[in-house]
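Next up, protein.tsv (TSV, C-alpha atoms):
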chain	number	residue	atom	x	y	z
F	1	MET	CA	-23.64	102.99	-36.18
F	2	ASP	CA	-24.00	99.84	-38.27
F	3	ALA	CA	-20.79	98.44	-36.77
F	4	LEU	CA	-22.03	99.03	-33.21
F	5	ARG	CA	-25.29	97.20	-33.98
F	6	CYS	CA	-23.43	93.90	-34.32
F	7	MET	CA	-23.28	93.67	-30.52
F	8	PRO	CA	-26.06	91.82	-28.69
F	9	GLY	CA	-28.70	94.09	-27.20
F	10	VAL	CA	-27.62	97.13	-29.21
F	11	GLY	CA	-30.40	98.36	-31.42
F	12	PRO	CA	-30.49	101.31	-33.80
F	13	LYS	CA	-31.10	103.96	-31.11
F	14	ALA	CA	-28.42	102.67	-28.71
F	15	ALA	CA	-25.93	102.42	-31.58
F	16	GLN	CA	-26.74	105.97	-32.63
F	17	ARG	CA	-26.32	107.29	-29.06
F	18	ALA	CA	-23.00	105.47	-28.61
F	19	ALA	CA	-21.61	106.63	-31.95
F	20	PHE	CA	-22.59	110.26	-31.37
F	21	HIS	CA	-21.25	110.17	-27.82
F	22	LEU	CA	-17.89	108.79	-28.94
F	23	LEU	CA	-17.60	111.26	-31.80
F	24	GLN	CA	-18.79	114.31	-29.87
F	25	TYR	CA	-17.56	113.78	-26.32
F	26	ASP	CA	-14.98	111.01	-26.19
F	27	ARG	CA	-12.81	110.73	-29.28
F	28	PRO	CA	-9.89	109.39	-27.15
F	29	GLY	CA	-12.28	106.74	-25.77
F	30	ALA	CA	-13.28	105.82	-29.32
F	31	GLN	CA	-9.61	105.45	-30.24
F	32	ARG	CA	-8.94	103.28	-27.15
F	33	LEU	CA	-11.94	101.10	-28.05
F	34	ALA	CA	-10.80	100.71	-31.65
F	35	SER	CA	-7.23	99.90	-30.59
F	36	ALA	CA	-8.35	97.43	-27.93
F	37	LEU	CA	-10.61	95.61	-30.39
F	38	GLY	CA	-7.82	95.50	-32.96
F	39	ARG	CA	-5.33	94.10	-30.42
F	40	ALA	CA	-7.86	91.55	-29.18
F	41	LEU	CA	-8.53	90.30	-32.69
F	42	GLN	CA	-4.79	89.93	-33.28
F	43	THR	CA	-3.82	88.28	-29.98
F	44	ILE	CA	-6.79	86.36	-28.57
F	45	ARG	CA	-7.28	82.77	-29.66
F	46	ARG	CA	-8.75	79.53	-28.34
F	47	CYS	CA	-7.00	77.60	-25.57
F	48	ALA	CA	-5.61	74.33	-26.94
F	49	ARG	CA	-7.09	72.36	-24.01
F	50	CYS	CA	-10.34	74.00	-22.91
F	51	ASN	CA	-11.35	75.98	-26.01
F	52	SER	CA	-11.88	79.22	-24.05
F	53	PHE	CA	-10.30	82.53	-25.01
F	54	THR	CA	-6.66	83.20	-24.18
F	55	GLU	CA	-3.59	85.07	-25.40
F	56	GLU	CA	-1.34	82.05	-24.86
F	57	GLU	CA	-1.36	78.46	-26.16
F	58	LEU	CA	-2.94	77.41	-22.85
F	59	CYS	CA	-5.14	79.64	-20.71
F	60	ALA	CA	-4.14	80.35	-17.11
F	61	LEU	CA	-6.59	77.76	-15.73
F	62	CYS	CA	-5.34	74.93	-17.95
F	63	ALA	CA	-1.71	75.88	-17.26
F	64	SER	CA	-2.20	75.93	-13.48
F	65	ALA	CA	-0.74	73.02	-11.50
F	66	LYS	CA	-3.23	73.84	-8.71
F	67	ARG	CA	-6.27	72.66	-10.70
F	68	ASP	CA	-7.66	69.12	-10.30
F	69	PRO	CA	-7.29	67.41	-13.71
F	70	SER	CA	-9.63	64.57	-12.68
F	71	LEU	CA	-12.62	66.98	-12.87
F	72	LEU	CA	-13.75	68.39	-16.20
F	73	CYS	CA	-16.63	70.86	-16.25
F	74	VAL	CA	-18.37	71.43	-19.60
F	75	VAL	CA	-19.91	74.87	-20.15
F	76	GLU	CA	-21.52	76.58	-23.13
F	77	THR	CA	-19.59	79.87	-23.15
F	78	PRO	CA	-16.55	81.61	-21.66
F	79	ALA	CA	-19.01	83.78	-19.68
F	80	ASP	CA	-20.39	80.61	-18.06
F	81	LEU	CA	-16.84	79.57	-17.14
F	82	LEU	CA	-16.24	82.95	-15.49
F	83	MET	CA	-19.47	82.66	-13.48
F	84	LEU	CA	-18.45	79.23	-12.17
F	85	GLU	CA	-14.98	80.52	-11.30
F	86	GLN	CA	-16.50	83.39	-9.32
F	87	THR	CA	-18.20	80.89	-7.00
F	88	LEU	CA	-14.77	79.67	-5.77
F	89	ALA	CA	-16.50	76.28	-5.35
F	90	TYR	CA	-14.85	74.42	-8.24
F	91	ASN	CA	-11.15	73.64	-8.69
F	92	GLY	CA	-11.15	71.37	-11.72
F	93	LEU	CA	-10.60	72.08	-15.39
F	94	TYR	CA	-13.07	73.16	-18.08
F	95	PHE	CA	-14.15	72.57	-21.62
F	96	VAL	CA	-16.01	75.40	-23.37
F	97	LEU	CA	-18.37	74.32	-26.15
F	98	MET	CA	-18.85	77.83	-27.58
F	99	GLY	CA	-22.51	76.99	-28.09
F	100	ARG	CA	-25.09	74.27	-27.65
F	101	LEU	CA	-26.86	71.77	-29.84
F	102	SER	CA	-29.62	73.36	-31.88
F	103	PRO	CA	-30.62	71.25	-34.89
F	104	LEU	CA	-33.16	73.84	-36.06
F	105	ASP	CA	-30.31	76.35	-36.37
F	106	GLY	CA	-27.99	73.82	-38.01
F	107	ILE	CA	-25.80	73.46	-34.91
F	108	GLY	CA	-24.88	69.83	-34.42
F	109	PRO	CA	-22.23	67.93	-32.43
F	110	ARG	CA	-19.41	68.91	-34.80
F	111	GLU	CA	-20.20	72.63	-34.69
F	112	ILE	CA	-19.74	72.76	-30.90
F	113	GLY	CA	-16.71	70.48	-30.81
F	114	LEU	CA	-18.19	67.42	-29.13
F	115	ASP	CA	-15.61	65.28	-30.95
F	116	VAL	CA	-12.86	67.35	-29.29
F	117	LEU	CA	-14.64	67.05	-25.94
F	118	LEU	CA	-14.76	63.26	-26.34
F	119	GLU	CA	-10.98	63.17	-26.91
F	120	ARG	CA	-10.40	65.42	-23.92
F	121	ALA	CA	-12.73	63.51	-21.60
F	122	THR	CA	-11.19	60.15	-22.51
F	123	ASP	CA	-7.52	61.19	-22.39
F	124	GLY	CA	-7.08	59.34	-19.08
F	125	ALA	CA	-6.96	62.36	-16.77
F	126	ALA	CA	-10.67	63.02	-16.23
F	127	ARG	CA	-12.58	60.78	-13.80
F	128	GLU	CA	-15.71	62.93	-13.75
F	129	VAL	CA	-17.30	65.20	-16.33
F	130	ILE	CA	-19.65	67.78	-14.86
F	131	VAL	CA	-22.12	69.06	-17.42
F	132	ALA	CA	-22.97	72.70	-16.66
F	133	THR	CA	-24.98	73.66	-19.71
F	134	ASN	CA	-27.95	75.99	-19.32
F	135	PHE	CA	-31.37	74.66	-18.42
F	136	THR	CA	-32.88	75.59	-21.78
F	137	ASN	CA	-34.20	73.03	-24.26
F	138	GLU	CA	-30.94	73.26	-26.19
F	139	GLY	CA	-28.82	73.08	-23.04
F	140	GLU	CA	-30.73	70.03	-21.82
F	141	ALA	CA	-30.37	68.34	-25.22
F	142	THR	CA	-26.64	69.07	-25.17
F	143	ALA	CA	-26.32	67.67	-21.64
F	144	HIS	CA	-28.21	64.52	-22.66
F	145	TYR	CA	-26.04	64.06	-25.75
F	146	ILE	CA	-22.84	64.44	-23.71
F	147	GLY	CA	-24.13	61.93	-21.15
F	148	GLU	CA	-24.94	59.39	-23.86
F	149	MET	CA	-21.62	60.02	-25.62
F	150	LEU	CA	-19.60	59.35	-22.45
F	151	ARG	CA	-21.76	56.54	-21.04
F	152	GLY	CA	-19.85	53.28	-20.82
F	153	ARG	CA	-16.40	54.87	-21.08
F	154	GLY	CA	-15.55	54.58	-17.38
F	155	ILE	CA	-16.11	58.26	-16.68
F	156	LYS	CA	-18.63	59.51	-14.16
F	157	VAL	CA	-20.94	62.06	-15.78
F	158	SER	CA	-22.90	64.43	-13.54
F	159	ARG	CA	-25.16	67.42	-14.12
F	160	ILE	CA	-25.17	70.61	-12.06
F	161	ALA	CA	-28.17	70.83	-9.77
F	162	ARG	CA	-31.07	73.19	-10.17
F	163	GLY	CA	-33.76	74.38	-7.84
F	164	ILE	CA	-34.54	77.13	-5.38
F	165	PRO	CA	-31.98	79.96	-5.39
F	166	VAL	CA	-30.06	80.71	-2.21
F	167	GLY	CA	-32.13	83.18	-0.22
F	168	GLY	CA	-35.17	82.46	-2.39
F	169	GLU	CA	-38.67	82.32	-0.99
F	170	LEU	CA	-41.06	79.65	-2.26
F	171	GLU	CA	-43.81	82.20	-2.77
F	172	TYR	CA	-41.76	83.91	-5.50
F	173	VAL	CA	-40.27	80.86	-7.26
F	174	ASP	CA	-41.78	79.77	-10.58
F	175	THR	CA	-43.65	76.45	-10.57
F	176	GLY	CA	-41.22	74.73	-12.96
F	177	THR	CA	-38.26	75.43	-10.69
F	178	LEU	CA	-40.24	74.42	-7.62
F	179	ALA	CA	-41.32	71.15	-9.26
F	180	GLN	CA	-37.71	70.37	-10.23
F	181	ALA	CA	-36.54	71.11	-6.69
F	182	LEU	CA	-39.05	68.58	-5.38
F	183	VAL	CA	-37.94	65.93	-7.88
F	184	GLU	CA	-34.25	66.50	-7.10
F	185	ARG	CA	-34.66	66.72	-3.30
F	186	ARG	CA	-31.99	65.21	-1.05
F	187	PRO	CA	-31.78	64.12	2.59
F	188	VAL	CA	-31.23	66.72	5.28
F	189	SER	CA	-27.66	66.41	6.52
F	190	ASN	CA	-26.76	66.05	10.19
F	191	ALA	CA	-23.81	68.41	9.91
Can you give me the file's structure in the form of structure tokens?
Amino acid sequence: MDALRCMPGVGPKAAQRAAFHLLQYDRPGAQRLASALGRALQTIRRCARCNSFTEEELCALCASAKRDPSLLCVVETPADLLMLEQTLAYNGLYFVLMGRLSPLDGIGPREIGLDVLLERATDGAAREVIVATNFTNEGEATAHYIGEMLRGRGIKVSRIARGIPVGGELEYVDTGTLAQALVERRPVSNA
């Protein structure tokens, strides 16, 4: 039960239920889970280019000749990378920080690999770095730091947009999001 509690969102009761379920009803499932975790710990490592998880030296995205190397999207986590990939709207490469700046927690530029990102962004391939960190205080601070770090190096730095969700109704949108949508408004296209 203690081992199951290391997962996010799993408290004492959920860990107890899972452990009893595996022991009582699904011992083969427990064995598959244990084996899969063991294999993952042995074979999964960080991609040499983007820092995401992979079983090879380079992940499939970094190894693909179909990706646009002039675009580099910076995300906080591998889960964020997967969400962006699911949109099918981006065809560039990525860099995964594996975190965000949080001085109060002792997480500075070195802890999230901003020195490695600087090398990657200035290797001559990237023309634009798209910062896709979360819109939290830490994510905003990280985005600002990246922008300052890359300013003056001949690389365009952009930030993903924020605002009203697709299909959203103004009546149900929080005031902060609505205010940001007004600030970041754009002209109506003729297309």
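Taking all atoms listed in the file into account, Lys66 (chain F) lies nearest to F:Asn91 out of the set F:Thr142, F:Asn51, F:Thr177, F:Asn91.
Among F:Ala141, F:Ile44, F:Leu61, F:Ala3, the residue with the shortest atom-to-atom distance to Ile107 (chain F), counting all atoms listed in the file, is F:Ala141.
The gap separating CA of Cys50 (chain F) from CA of Thr122 (chain F) is 13.9 Å, in Å to one decimal.
Of note, CA of Leu97 (chain F) and CA of Leu178 (chain F) are spaced 28.7 Å apart.
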Determine, counting all atoms listed in the file, which protein, DNA and RNA residues have an atom within 12 Å of an atom of Arg185 (chain F); residues of the same chain fewer than 3 positions away are not included. Present the result as a PyMOL selection string.
chain F and resi 161-164+177-182+188
At a cut-off of 9 Å, using all atoms listed in the file, what residues contact region 76-86 of chain F? Leave out same-chain residues fewer than 6 positions from it and give the result as an MDAnalysis selection string. chainID F and resid 51:53 94:100 112 132:134 139
Closest pair table for region 32-99 of chain F residues within 10 Å of region 123-130 of chain F, only C-alpha atoms, as a Markdown table:
| residue | atom | partner | partner_atom | distance |
| --- | --- | --- | --- | --- |
| F:Asp68 | CA | F:Ala126 | CA | 9.0 |
| F:Pro69 | CA | F:Ala125 | CA | 5.9 |
| F:Ser70 | CA | F:Ala126 | CA | 4.0 |
| F:Leu71 | CA | F:Glu128 | CA | 5.2 |
| F:Leu72 | CA | F:Val129 | CA | 4.8 |
| F:Cys73 | CA | F:Ile130 | CA | 4.5 |
| F:Val74 | CA | F:Ile130 | CA | 6.1 |
| F:Val75 | CA | F:Ile130 | CA | 8.8 |
| F:Gly92 | CA | F:Ala126 | CA | 9.5 |
| F:Leu93 | CA | F:Ala126 | CA | 9.1 |
| F:Tyr94 | CA | F:Ile130 | CA | 9.1 |
| F:Phe95 | CA | F:Val129 | CA | 9.6 |
Model the absent atoms of region 130-141 of chain F so that all heavy atoms are present, and write the result as a PDB file, keeping the file's coordinate frame.
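So the final result, stored in part-v7.pdb, reads:
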ATOM      1  N   ILE F 130     -18.507  67.069 -15.406  1.00  0.00           N
ATOM      2  CA  ILE F 130     -19.650  67.780 -14.860  1.00  0.00           C
ATOM      3  C   ILE F 130     -20.248  68.627 -15.978  1.00  0.00           C
ATOM      4  O   ILE F 130     -19.575  69.510 -16.511  1.00  0.00           O
ATOM      5  CB  ILE F 130     -19.229  68.694 -13.682  1.00  0.00           C
ATOM      6  CG1 ILE F 130     -18.534  67.871 -12.602  1.00  0.00           C
ATOM      7  CG2 ILE F 130     -20.433  69.457 -13.137  1.00  0.00           C
ATOM      8  CD1 ILE F 130     -17.755  68.707 -11.610  1.00  0.00           C
ATOM      9  N   VAL F 131     -21.478  68.332 -16.337  1.00  0.00           N
ATOM     10  CA  VAL F 131     -22.120  69.060 -17.420  1.00  0.00           C
ATOM     11  C   VAL F 131     -22.847  70.270 -16.819  1.00  0.00           C
ATOM     12  O   VAL F 131     -23.769  70.111 -16.020  1.00  0.00           O
ATOM     13  CB  VAL F 131     -23.102  68.163 -18.207  1.00  0.00           C
ATOM     14  CG1 VAL F 131     -23.716  68.939 -19.362  1.00  0.00           C
ATOM     15  CG2 VAL F 131     -22.378  66.923 -18.715  1.00  0.00           C
ATOM     16  N   ALA F 132     -22.404  71.455 -17.194  1.00  0.00           N
ATOM     17  CA  ALA F 132     -22.970  72.700 -16.660  1.00  0.00           C
ATOM     18  C   ALA F 132     -23.533  73.551 -17.788  1.00  0.00           C
ATOM     19  O   ALA F 132     -23.280  74.754 -17.866  1.00  0.00           O
ATOM     20  CB  ALA F 132     -21.907  73.456 -15.870  1.00  0.00           C
ATOM     21  N   THR F 133     -24.293  72.905 -18.665  1.00  0.00           N
ATOM     22  CA  THR F 133     -24.980  73.660 -19.710  1.00  0.00           C
ATOM     23  C   THR F 133     -26.223  74.297 -19.110  1.00  0.00           C
ATOM     24  O   THR F 133     -26.687  73.902 -18.036  1.00  0.00           O
ATOM     25  CB  THR F 133     -25.367  72.750 -20.895  1.00  0.00           C
ATOM     26  OG1 THR F 133     -26.148  71.656 -20.403  1.00  0.00           O
ATOM     27  CG2 THR F 133     -24.136  72.223 -21.608  1.00  0.00           C
ATOM     28  N   ASN F 134     -26.768  75.282 -19.810  1.00  0.00           N
ATOM     29  CA  ASN F 134     -27.950  75.990 -19.320  1.00  0.00           C
ATOM     30  C   ASN F 134     -29.166  75.071 -19.308  1.00  0.00           C
ATOM     31  O   ASN F 134     -29.211  74.062 -20.014  1.00  0.00           O
ATOM     32  CB  ASN F 134     -28.216  77.217 -20.193  1.00  0.00           C
ATOM     33  CG  ASN F 134     -27.133  78.252 -20.031  1.00  0.00           C
ATOM     34  OD1 ASN F 134     -26.746  78.592 -18.921  1.00  0.00           O
ATOM     35  ND2 ASN F 134     -26.631  78.760 -21.143  1.00  0.00           N
ATOM     36  N   PHE F 135     -30.156  75.449 -18.530  1.00  0.00           N
ATOM     37  CA  PHE F 135     -31.370  74.660 -18.420  1.00  0.00           C
ATOM     38  C   PHE F 135     -32.429  75.108 -19.416  1.00  0.00           C
ATOM     39  O   PHE F 135     -33.599  75.248 -19.097  1.00  0.00           O
ATOM     40  CB  PHE F 135     -31.889  74.678 -16.971  1.00  0.00           C
ATOM     41  CG  PHE F 135     -31.002  73.914 -16.044  1.00  0.00           C
ATOM     42  CD1 PHE F 135     -30.137  74.565 -15.191  1.00  0.00           C
ATOM     43  CD2 PHE F 135     -30.990  72.525 -16.052  1.00  0.00           C
ATOM     44  CE1 PHE F 135     -29.292  73.859 -14.343  1.00  0.00           C
ATOM     45  CE2 PHE F 135     -30.152  71.807 -15.214  1.00  0.00           C
ATOM     46  CZ  PHE F 135     -29.305  72.480 -14.358  1.00  0.00           C
ATOM     47  N   THR F 136     -31.988  75.321 -20.653  1.00  0.00           N
ATOM     48  CA  THR F 136     -32.880  75.590 -21.780  1.00  0.00           C
ATOM     49  C   THR F 136     -33.097  74.276 -22.508  1.00  0.00           C
ATOM     50  O   THR F 136     -32.418  73.275 -22.220  1.00  0.00           O
ATOM     51  CB  THR F 136     -32.232  76.607 -22.736  1.00  0.00           C
ATOM     52  OG1 THR F 136     -31.006  76.023 -23.234  1.00  0.00           O
ATOM     53  CG2 THR F 136     -31.932  77.930 -22.046  1.00  0.00           C
ATOM     54  N   ASN F 137     -34.001  74.261 -23.474  1.00  0.00           N
ATOM     55  CA  ASN F 137     -34.200  73.030 -24.260  1.00  0.00           C
ATOM     56  C   ASN F 137     -32.909  72.606 -24.939  1.00  0.00           C
ATOM     57  O   ASN F 137     -32.552  71.422 -24.929  1.00  0.00           O
ATOM     58  CB  ASN F 137     -35.316  73.226 -25.289  1.00  0.00           C
ATOM     59  CG  ASN F 137     -36.678  73.314 -24.654  1.00  0.00           C
ATOM     60  OD1 ASN F 137     -36.901  72.809 -23.557  1.00  0.00           O
ATOM     61  ND2 ASN F 137     -37.607  73.973 -25.336  1.00  0.00           N
ATOM     62  N   GLU F 138     -32.196  73.575 -25.507  1.00  0.00           N
ATOM     63  CA  GLU F 138     -30.940  73.260 -26.190  1.00  0.00           C
ATOM     64  C   GLU F 138     -29.874  72.800 -25.212  1.00  0.00           C
ATOM     65  O   GLU F 138     -29.119  71.873 -25.494  1.00  0.00           O
ATOM     66  CB  GLU F 138     -30.438  74.468 -26.983  1.00  0.00           C
ATOM     67  CG  GLU F 138     -31.305  74.876 -28.144  1.00  0.00           C
ATOM     68  CD  GLU F 138     -32.410  75.859 -27.748  1.00  0.00           C
ATOM     69  OE1 GLU F 138     -32.579  76.138 -26.534  1.00  0.00           O
ATOM     70  OE2 GLU F 138     -33.105  76.339 -28.660  1.00  0.00           O
ATOM     71  N   GLY F 139     -29.787  73.460 -24.058  1.00  0.00           N
ATOM     72  CA  GLY F 139     -28.820  73.080 -23.040  1.00  0.00           C
ATOM     73  C   GLY F 139     -29.088  71.681 -22.503  1.00  0.00           C
ATOM     74  O   GLY F 139     -28.155  70.906 -22.265  1.00  0.00           O
ATOM     75  N   GLU F 140     -30.358  71.367 -22.296  1.00  0.00           N
ATOM     76  CA  GLU F 140     -30.730  70.030 -21.820  1.00  0.00           C
ATOM     77  C   GLU F 140     -30.401  68.974 -22.876  1.00  0.00           C
ATOM     78  O   GLU F 140     -29.905  67.899 -22.556  1.00  0.00           O
ATOM     79  CB  GLU F 140     -32.220  69.982 -21.468  1.00  0.00           C
ATOM     80  CG  GLU F 140     -32.578  70.764 -20.233  1.00  0.00           C
ATOM     81  CD  GLU F 140     -32.137  70.094 -18.941  1.00  0.00           C
ATOM     82  OE1 GLU F 140     -31.644  68.950 -18.957  1.00  0.00           O
ATOM     83  OE2 GLU F 140     -32.276  70.742 -17.900  1.00  0.00           O
ATOM     84  N   ALA F 141     -30.688  69.281 -24.144  1.00  0.00           N
ATOM     85  CA  ALA F 141     -30.370  68.340 -25.220  1.00  0.00           C
ATOM     86  C   ALA F 141     -28.859  68.117 -25.306  1.00  0.00           C
ATOM     87  O   ALA F 141     -28.396  66.979 -25.502  1.00  0.00           O
ATOM     88  CB  ALA F 141     -30.902  68.862 -26.552  1.00  0.00           C
TER      89      ALA F 141
END
